[in-house]
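This is protein_27.txt. It holds compact mmCIF, C-alpha atoms (C1' of nucleotides).
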```
# COMPACT_ATOMS: atom_id res chain seq x y z
CA MET A 809 0.00 0.00 0.00
CA CYS A 810 0.97 3.58 -0.30
CA THR A 811 1.93 5.84 2.55
CA TRP A 812 0.41 9.25 2.13
CA TYR A 813 2.32 10.82 4.97
CA LEU A 814 5.55 11.83 3.36
CA GLN A 815 8.91 11.89 5.01
CA VAL A 816 10.84 15.06 4.47
CA THR A 817 14.51 14.48 5.00
CA SER A 818 16.34 17.70 5.58
CA THR A 819 20.10 18.02 5.51
CA LYS A 820 19.83 19.99 8.72
CA PRO A 821 18.44 17.53 11.25
CA GLY A 822 15.97 18.92 13.72
CA VAL A 823 14.76 21.60 11.36
CA MET A 824 12.23 19.77 9.25
CA THR A 825 12.67 16.12 10.02
CA GLU A 826 9.29 15.11 11.35
CA THR A 827 6.83 13.47 8.99
CA THR A 828 4.94 16.16 7.15
CA GLN A 829 1.36 15.40 6.36
CA LEU A 830 -0.21 16.96 3.34
CA THR A 831 -1.80 20.26 4.16
CA ALA A 832 -4.32 22.34 2.28
CA ALA A 833 -1.38 24.32 0.95
CA HIS A 834 0.03 21.26 -0.78
CA ARG A 835 -3.30 20.54 -2.42
CA GLU A 836 -3.69 24.14 -3.46
CA LEU A 837 -0.32 23.99 -5.18
CA ILE A 838 -1.20 20.80 -6.98
CA ASP A 839 -4.50 22.29 -8.07
CA GLN A 840 -2.78 25.38 -9.43
CA VAL A 841 -0.04 23.58 -11.31
CA PHE A 842 -1.98 20.60 -12.63
CA ASP A 843 -5.19 22.24 -13.68
CA LYS A 844 -6.58 22.20 -17.17
CA TRP A 845 -4.80 25.21 -18.65
CA SER A 846 -1.61 25.04 -16.63
CA LEU A 847 -0.88 21.56 -17.88
CA GLN A 848 -1.12 22.62 -21.49
CA VAL A 849 0.92 25.76 -20.95
CA LEU A 850 3.64 23.77 -19.24
CA GLU A 851 3.64 21.25 -22.05
CA ALA A 852 4.12 23.98 -24.60
CA LEU A 853 6.83 25.75 -22.63
CA CYS A 854 8.61 22.47 -21.99
CA GLU A 855 8.97 22.08 -25.72
CA LYS A 856 10.22 25.57 -26.29
CA PRO A 857 9.98 29.08 -24.86
CA SER A 858 7.03 30.83 -26.40
CA ARG A 859 5.45 34.22 -26.73
CA PHE A 860 1.95 35.09 -25.65
CA ASN A 861 0.30 34.69 -29.01
CA GLU A 862 2.25 31.55 -29.75
CA LEU A 863 0.69 30.02 -26.68
CA ARG A 864 -2.74 31.20 -27.71
CA HIS A 865 -2.25 29.46 -31.02
CA ALA A 866 -0.80 26.33 -29.44
CA ILE A 867 -3.83 26.09 -27.14
CA PRO A 868 -6.68 27.06 -29.44
CA THR A 869 -9.44 26.72 -26.85
CA VAL A 870 -7.99 29.06 -24.26
CA THR A 871 -9.17 32.63 -24.03
CA GLN A 872 -6.89 35.59 -23.55
CA LYS A 873 -8.16 36.13 -20.06
CA SER A 874 -7.67 32.55 -18.94
CA LEU A 875 -4.26 32.35 -20.51
CA THR A 876 -3.12 35.51 -18.79
CA ALA A 877 -4.43 34.29 -15.47
CA THR A 878 -2.75 30.92 -15.91
CA LEU A 879 0.58 32.48 -16.86
CA ARG A 880 0.48 34.82 -13.88
CA ARG A 881 -0.31 31.98 -11.52
CA LEU A 882 2.46 29.78 -12.87
CA GLU A 883 4.86 32.68 -12.69
CA ARG A 884 3.90 33.39 -9.11
CA ASN A 885 4.53 29.79 -8.18
CA GLY A 886 7.94 29.96 -9.79
CA MET A 887 7.20 27.48 -12.57
CA ILE A 888 7.74 29.84 -15.48
CA GLU A 889 9.46 33.16 -16.01
CA ARG A 890 8.39 36.15 -18.02
CA VAL A 891 11.10 37.71 -20.15
CA ILE A 892 10.57 41.02 -21.87
CA ILE A 893 12.50 40.89 -25.10
CA SER A 894 12.35 44.14 -27.06
CA SER A 895 10.39 47.33 -26.69
CA ARG A 896 9.02 48.32 -30.11
CA PRO A 897 6.32 46.82 -30.17
CA ILE A 898 6.77 45.01 -26.91
CA ALA A 899 7.50 41.30 -27.04
CA VAL A 900 7.32 38.88 -24.13
CA GLU A 901 8.69 35.40 -23.94
CA TYR A 902 7.66 32.83 -21.38
CA ARG A 903 10.14 30.16 -20.33
CA ILE A 904 10.07 27.27 -17.98
CA THR A 905 12.24 27.71 -14.89
CA SER A 906 14.43 25.09 -13.30
CA LEU A 907 11.74 24.65 -10.68
CA GLY A 908 9.17 24.20 -13.41
CA GLY A 909 11.50 21.73 -15.06
CA THR A 910 11.06 19.38 -12.11
CA LEU A 911 7.53 18.88 -13.40
CA GLU A 912 8.59 17.42 -16.71
CA ASP A 913 8.80 13.79 -15.70
CA LEU A 914 5.60 14.09 -13.74
CA ILE A 915 3.61 15.57 -16.60
CA ASP A 916 5.13 13.05 -18.93
CA ALA A 917 3.99 10.23 -16.65
CA LEU A 918 0.55 11.77 -16.44
CA LEU A 919 0.11 11.91 -20.20
CA HIS A 920 1.47 8.42 -20.66
CA TRP A 921 -0.94 7.14 -18.06
CA SER A 922 -3.92 8.73 -19.76
CA THR A 923 -2.89 7.33 -23.10
CA ALA A 924 -2.14 3.86 -21.81
CA HIS A 925 -5.39 3.44 -19.92
CA MET A 926 -7.80 5.34 -22.12
CA PRO A 927 -9.20 2.17 -23.72
CA ALA A 928 -9.96 0.64 -20.34
CA VAL A 929 -11.56 3.88 -19.22
CA GLN A 930 -13.78 3.98 -22.26
CA ARG A 931 -14.88 0.43 -21.64
CA ALA A 932 -15.67 1.27 -18.02
CA ARG A 933 -17.68 4.30 -19.10
CA ALA A 934 -19.66 2.34 -21.63
CA ARG A 935 -20.51 -0.28 -19.05
CA PHE A 936 -21.46 2.32 -16.48
CA ASP A 937 -23.66 4.26 -18.86
CA ASP A 938 -25.28 1.05 -19.97
CA GLU A 939 -26.08 -0.07 -16.43
CA THR A 940 -27.14 3.38 -15.33
CA PRO A 941 -29.42 4.86 -17.95
CA PRO A 942 -30.28 8.55 -17.63
CA PRO A 943 -33.08 9.00 -15.06
CA HIS A 944 -35.43 11.00 -17.31
CA ASP A 945 -38.02 9.33 -19.53
CA ALA A 946 -41.33 8.25 -18.00
CA SER A 947 -42.73 6.73 -21.21
CA SER A 948 -40.95 3.38 -21.20
CA MET B 387 13.36 18.11 -23.97
CA CYS B 388 10.16 16.21 -23.63
CA THR B 389 8.09 14.85 -26.45
CA TRP B 390 4.41 15.35 -25.82
CA TYR B 391 3.26 13.19 -28.65
CA LEU B 392 3.18 9.79 -27.12
CA GLN B 393 3.99 6.57 -28.85
CA VAL B 394 1.49 3.83 -28.24
CA THR B 395 3.11 0.49 -28.81
CA SER B 396 0.53 -2.18 -29.35
CA THR B 397 1.31 -5.87 -29.38
CA LYS B 398 -0.78 -6.09 -32.53
CA PRO B 399 1.10 -3.98 -35.08
CA GLY B 400 -1.02 -2.02 -37.47
CA VAL B 401 -3.88 -1.66 -35.05
CA MET B 402 -2.81 1.27 -32.93
CA THR B 403 0.79 1.89 -33.84
CA GLU B 404 0.75 5.44 -35.14
CA THR B 405 1.74 8.19 -32.77
CA THR B 406 -1.29 9.25 -30.81
CA GLN B 407 -1.46 12.90 -30.00
CA LEU B 408 -3.25 13.98 -26.90
CA THR B 409 -6.86 14.77 -27.56
CA ALA B 410 -9.41 16.69 -25.57
CA ALA B 411 -10.61 13.32 -24.30
CA HIS B 412 -7.25 12.65 -22.66
CA ARG B 413 -7.29 16.01 -20.95
CA GLU B 414 -10.86 15.50 -19.82
CA LEU B 415 -9.86 12.23 -18.20
CA ILE B 416 -6.91 13.81 -16.44
CA ASP B 417 -9.12 16.62 -15.23
CA GLN B 418 -11.66 14.20 -13.84
CA VAL B 419 -9.21 11.93 -12.09
CA PHE B 420 -6.75 14.48 -10.78
CA ASP B 421 -9.07 17.16 -9.58
CA LYS B 422 -9.26 18.45 -6.05
CA TRP B 423 -11.72 15.97 -4.56
CA SER B 424 -10.85 12.95 -6.68
CA LEU B 425 -7.26 13.04 -5.53
CA GLN B 426 -8.23 12.94 -1.89
CA VAL B 427 -10.80 10.22 -2.43
CA LEU B 428 -8.27 8.09 -4.26
CA GLU B 429 -5.73 8.63 -1.52
CA ALA B 430 -8.19 7.45 1.08
CA LEU B 431 -9.30 4.44 -0.93
CA CYS B 432 -5.72 3.52 -1.71
CA GLU B 433 -5.13 3.17 1.99
CA LYS B 434 -8.21 1.09 2.60
CA PRO B 435 -11.71 0.53 1.27
CA SER B 436 -14.08 2.92 2.96
CA ARG B 437 -17.74 3.62 3.39
CA PHE B 438 -19.45 6.83 2.47
CA ASN B 439 -19.36 8.43 5.87
CA GLU B 440 -15.82 7.29 6.47
CA LEU B 441 -14.80 9.25 3.42
CA ARG B 442 -16.75 12.26 4.60
CA HIS B 443 -14.84 12.12 7.83
CA ALA B 444 -11.50 11.53 6.14
CA ILE B 445 -12.06 14.58 3.93
CA PRO B 446 -13.62 17.06 6.33
CA THR B 447 -14.05 19.89 3.83
CA VAL B 448 -16.06 17.97 1.26
CA THR B 449 -19.82 18.24 1.18
CA GLN B 450 -22.17 15.36 0.67
CA LYS B 451 -23.09 16.53 -2.77
CA SER B 452 -19.53 16.96 -4.00
CA LEU B 453 -18.46 13.65 -2.52
CA THR B 454 -21.30 11.82 -4.21
CA ALA B 455 -20.52 13.48 -7.52
CA THR B 456 -16.83 12.66 -7.21
CA LEU B 457 -17.51 9.03 -6.34
CA ARG B 458 -19.90 8.63 -9.27
CA ARG B 459 -17.41 10.14 -11.66
CA LEU B 460 -14.57 7.96 -10.45
CA GLU B 461 -16.82 4.92 -10.64
CA ARG B 462 -17.87 5.77 -14.16
CA ASN B 463 -14.24 6.06 -15.20
CA GLY B 464 -13.52 2.66 -13.69
CA MET B 465 -11.22 3.92 -10.94
CA ILE B 466 -13.29 2.74 -7.99
CA GLU B 467 -16.06 0.26 -7.46
CA ARG B 468 -19.16 0.52 -5.34
CA VAL B 469 -19.95 -2.54 -3.26
CA ILE B 470 -23.25 -2.85 -1.45
CA ILE B 471 -22.55 -4.73 1.71
CA SER B 472 -25.66 -5.45 3.76
CA SER B 473 -29.24 -4.29 3.50
CA ARG B 474 -30.47 -3.32 6.98
CA PRO B 475 -29.64 -0.39 7.05
CA ILE B 476 -27.89 -0.28 3.73
CA ALA B 477 -24.11 -0.05 3.78
CA VAL B 478 -21.88 0.75 0.84
CA GLU B 479 -18.17 0.26 0.54
CA TYR B 480 -15.99 1.96 -2.03
CA ARG B 481 -12.85 0.21 -3.22
CA ILE B 482 -10.15 1.05 -5.66
CA THR B 483 -10.16 -1.09 -8.80
CA SER B 484 -7.13 -2.55 -10.51
CA LEU B 485 -7.43 0.23 -13.06
CA GLY B 486 -7.53 2.78 -10.27
CA GLY B 487 -4.53 1.07 -8.75
CA THR B 488 -2.44 2.15 -11.71
CA LEU B 489 -2.78 5.66 -10.34
CA GLU B 490 -1.03 4.90 -7.11
CA ASP B 491 2.52 5.59 -8.21
CA LEU B 492 1.42 8.68 -10.06
CA ILE B 493 -0.41 10.18 -7.11
CA ASP B 494 2.48 9.25 -4.89
CA ALA B 495 4.87 11.08 -7.20
CA LEU B 496 2.55 14.06 -7.26
CA LEU B 497 2.42 14.36 -3.51
CA HIS B 498 6.13 13.85 -3.16
CA TRP B 499 6.74 16.56 -5.71
CA SER B 500 4.54 19.03 -3.89
CA THR B 501 6.25 18.29 -0.61
CA ALA B 502 9.75 18.43 -2.01
CA HIS B 503 9.32 21.74 -3.81
CA MET B 504 6.98 23.56 -1.48
CA PRO B 505 9.75 25.64 0.08
CA ALA B 506 10.96 26.83 -3.33
CA VAL B 507 7.40 27.63 -4.31
CA GLN B 508 6.87 29.67 -1.20
CA ARG B 509 10.03 31.61 -1.88
CA ALA B 510 8.91 32.27 -5.43
CA ARG B 511 5.53 33.45 -4.23
CA ALA B 512 7.04 35.78 -1.67
CA ARG B 513 9.28 37.30 -4.30
CA PHE B 514 6.44 37.67 -6.78
CA ASP B 515 4.11 39.25 -4.26
CA ASP B 516 6.87 41.58 -3.18
CA GLU B 517 7.63 42.73 -6.71
CA THR B 518 3.97 42.95 -7.67
CA PRO B 519 2.08 44.71 -4.91
CA PRO B 520 -1.72 44.62 -5.07
CA PRO B 521 -3.04 47.35 -7.38
CA HIS B 522 -5.58 48.82 -4.96
CA ASP B 523 -4.71 51.55 -2.47
CA ALA B 524 -4.63 55.16 -3.63
CA SER B 525 -3.55 56.59 -0.27
CA SER B 526 0.14 55.79 -0.35
C1' DC C 689 -26.68 5.02 6.46
C1' DT C 690 -26.53 6.58 1.89
C1' DG C 691 -27.96 8.98 -0.82
C1' DT C 692 -31.40 12.41 -4.13
C1' DA C 693 -33.66 16.95 -4.92
C1' DT C 694 -33.97 21.77 -4.58
C1' DC C 695 -32.53 26.24 -3.93
C1' DC C 696 -29.28 29.68 -4.05
C1' DT C 697 -24.80 31.88 -3.95
C1' DC C 698 -20.46 32.70 -5.78
C1' DT C 699 -16.88 31.91 -8.67
C1' DT C 700 -15.06 30.76 -13.31
C1' DG C 701 -14.54 31.94 -17.54
C1' DG C 702 -16.17 33.67 -22.26
C1' DA C 703 -17.11 37.92 -25.22
C1' DT C 704 -16.03 42.38 -26.07
C1' DA C 705 -13.84 46.76 -25.92
C1' DC C 706 -9.97 49.45 -24.88
C1' DT C 707 -4.68 50.73 -23.65
C1' DG C 708 0.64 51.19 -23.64
C1' DC D 771 1.90 42.60 -29.49
C1' DA D 772 0.50 41.91 -24.99
C1' DG D 773 -2.17 42.69 -22.17
C1' DT D 774 -6.21 45.22 -18.73
C1' DA D 775 -11.14 46.30 -17.77
C1' DT D 776 -15.89 45.35 -17.83
C1' DC D 777 -19.96 42.83 -18.33
C1' DC D 778 -22.46 38.75 -18.20
C1' DA D 779 -23.92 33.80 -18.62
C1' DA D 780 -23.22 29.24 -17.10
C1' DG D 781 -21.83 25.98 -13.87
C1' DA D 782 -19.65 24.43 -9.54
C1' DG D 783 -20.58 23.80 -5.16
C1' DG D 784 -22.69 24.74 -0.31
C1' DA D 785 -26.97 24.43 2.78
C1' DT D 786 -31.01 22.31 3.64
C1' DA D 787 -34.71 19.11 3.38
C1' DC D 788 -36.27 14.74 2.36
C1' DA D 789 -36.38 9.50 0.78
C1' DG D 790 -35.25 4.34 0.47
```
Can I see the file as structure tokens?
Amino acid sequence: MCTWYLQVTSTKPGVMTETTQLTAAHRELIDQVFDKWSLQVLEALCEKPSRFNELRHAIPTVTQKSLTATLRRLERNGMIERVIISSRPIAVEYRITSLGGTLEDLIDALLHWSTAHMPAVQRARARFDDETPPPHDASS
Amino acid sequence: MCTWYLQVTSTKPGVMTETTQLTAAHRELIDQVFDKWSLQVLEALCEKPSRFNELRHAIPTVTQKSLTATLRRLERNGMIERVIISSRPIAVEYRITSLGGTLEDLIDALLHWSTAHMPAVQRARARFDDETPPPHDASS
DNA sequence: CTGTATCCTCTTGGATACTG
DNA sequence: CAGTATCCAAGAGGATACAG
């Protein structure tokens, strides 16, 4: 089984050596970094640094507002950095940071998992929907 | 760098051997399985099968409605199974399925990541908030 | 005990217009 | 180009009541 109470081993004993249980702050971080838009932004920036409109094009379904909000949040959490390139007309490039780079394997594993198990998921959904028909319909 | 177009290697060549790019369906699945409540439910059920009210207690901030919705969604995706135990008064136990079990390492990695990098994140946030003071306040 | 149903609030996020 | 500001609709989610 898995142990969900993680052991944090600090190089300085006595400072942070007790088992640290997951707090709301940990979950908040996970929510912010692994949400719908963040994941796609991080994918894109993992491939190559990109400018604002490049990202908009790479993620066709995102709106300007949501993209801006996502970029700000990722920047605040230290996952990406915002680099102002020129000044006529202004250009901005977003890059993944070294901290953000620690996500690469994780995101990779996530995407592989979804790809590997998608067929099984679809079978499960079909079975569920078959056994649990929608509750409307009083004519049958 | 990472390649976000995943190679699906089937044992039956010619059936599913072309590179499969991530579709909206993949992202939908990830969203449904790795969202706020799902993650905590899966954690709890990874530790041990639990009944409805046990889960409510294990996740104090979830409401009945959200918990029910999360459980249904996870069941539909084949991650957990719903087992009716007795019938006076009815008891229901939720268990992780073998498909859901494939998530264990992934969730483990996720939680470890959040714990390992939380200090760096907090430093990044402090710096960001320091450089970008809230825009209100016209008195200073 | 394990839900479903209803109401209602509050946030998320899309569309649009405007700015440096 | 790279945003900010505003408005508004739709949905998530909480509180409460009720049912099998």
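The space separating atom CA of B:Lys434 from atom CA of B:Tyr480 comes to 9.1 Å.
Comparing the minimum interatomic distances between A:Glu889 and each of B:Phe514, B:Trp423, B:Trp499, B:Phe438, counting all atoms listed in the file, we find that B:Phe514 sits nearest.
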Just want the 9 Å neighbourhood of B:Ser424, counted on all atoms listed in the file, with same-chain residues fewer than 2 positions away dropped. Output as a PDB file with C-alpha atoms, in the coordinates of the input.
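part-v4.pdb, written as the output of this step:
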```
ATOM      1  CA  GLN B 418     -11.660  14.200 -13.840  1.00  0.00           C
ATOM      2  CA  VAL B 419      -9.210  11.930 -12.090  1.00  0.00           C
ATOM      3  CA  PHE B 420      -6.750  14.480 -10.780  1.00  0.00           C
ATOM      4  CA  ASP B 421      -9.070  17.160  -9.580  1.00  0.00           C
ATOM      5  CA  LYS B 422      -9.260  18.450  -6.050  1.00  0.00           C
ATOM      6  CA  GLN B 426      -8.230  12.940  -1.890  1.00  0.00           C
ATOM      7  CA  VAL B 427     -10.800  10.220  -2.430  1.00  0.00           C
ATOM      8  CA  LEU B 428      -8.270   8.090  -4.260  1.00  0.00           C
ATOM      9  CA  GLU B 429      -5.730   8.630  -1.520  1.00  0.00           C
ATOM     10  CA  LEU B 453     -18.460  13.650  -2.520  1.00  0.00           C
ATOM     11  CA  THR B 456     -16.830  12.660  -7.210  1.00  0.00           C
ATOM     12  CA  LEU B 457     -17.510   9.030  -6.340  1.00  0.00           C
ATOM     13  CA  ARG B 459     -17.410  10.140 -11.660  1.00  0.00           C
ATOM     14  CA  LEU B 460     -14.570   7.960 -10.450  1.00  0.00           C
TER      15      LEU B 460
END
```
request  = Considering only C-alpha atoms (C1' of nucleotides), return as a VMD selection string whatever protein or nucleic-acid residues lie within 9 Å of stretch 697-705 of chain C, sequence-local ones (same chain, fewer than 2 positions apart) excluded.
outcome  = (chain A and resid 871 873 to 874) or (chain D and resid 775 to 779 781 to 784)
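The gap separating atom CA of A:Glu862 from atom CA of A:Leu918 is 23.9 Å, in Å to one decimal.
Checking B:Ala455, B:Thr483, B:His412, B:Arg468 one by one against chain D, counting all atoms listed in the file, you find the shortest gap at B:Ala455.
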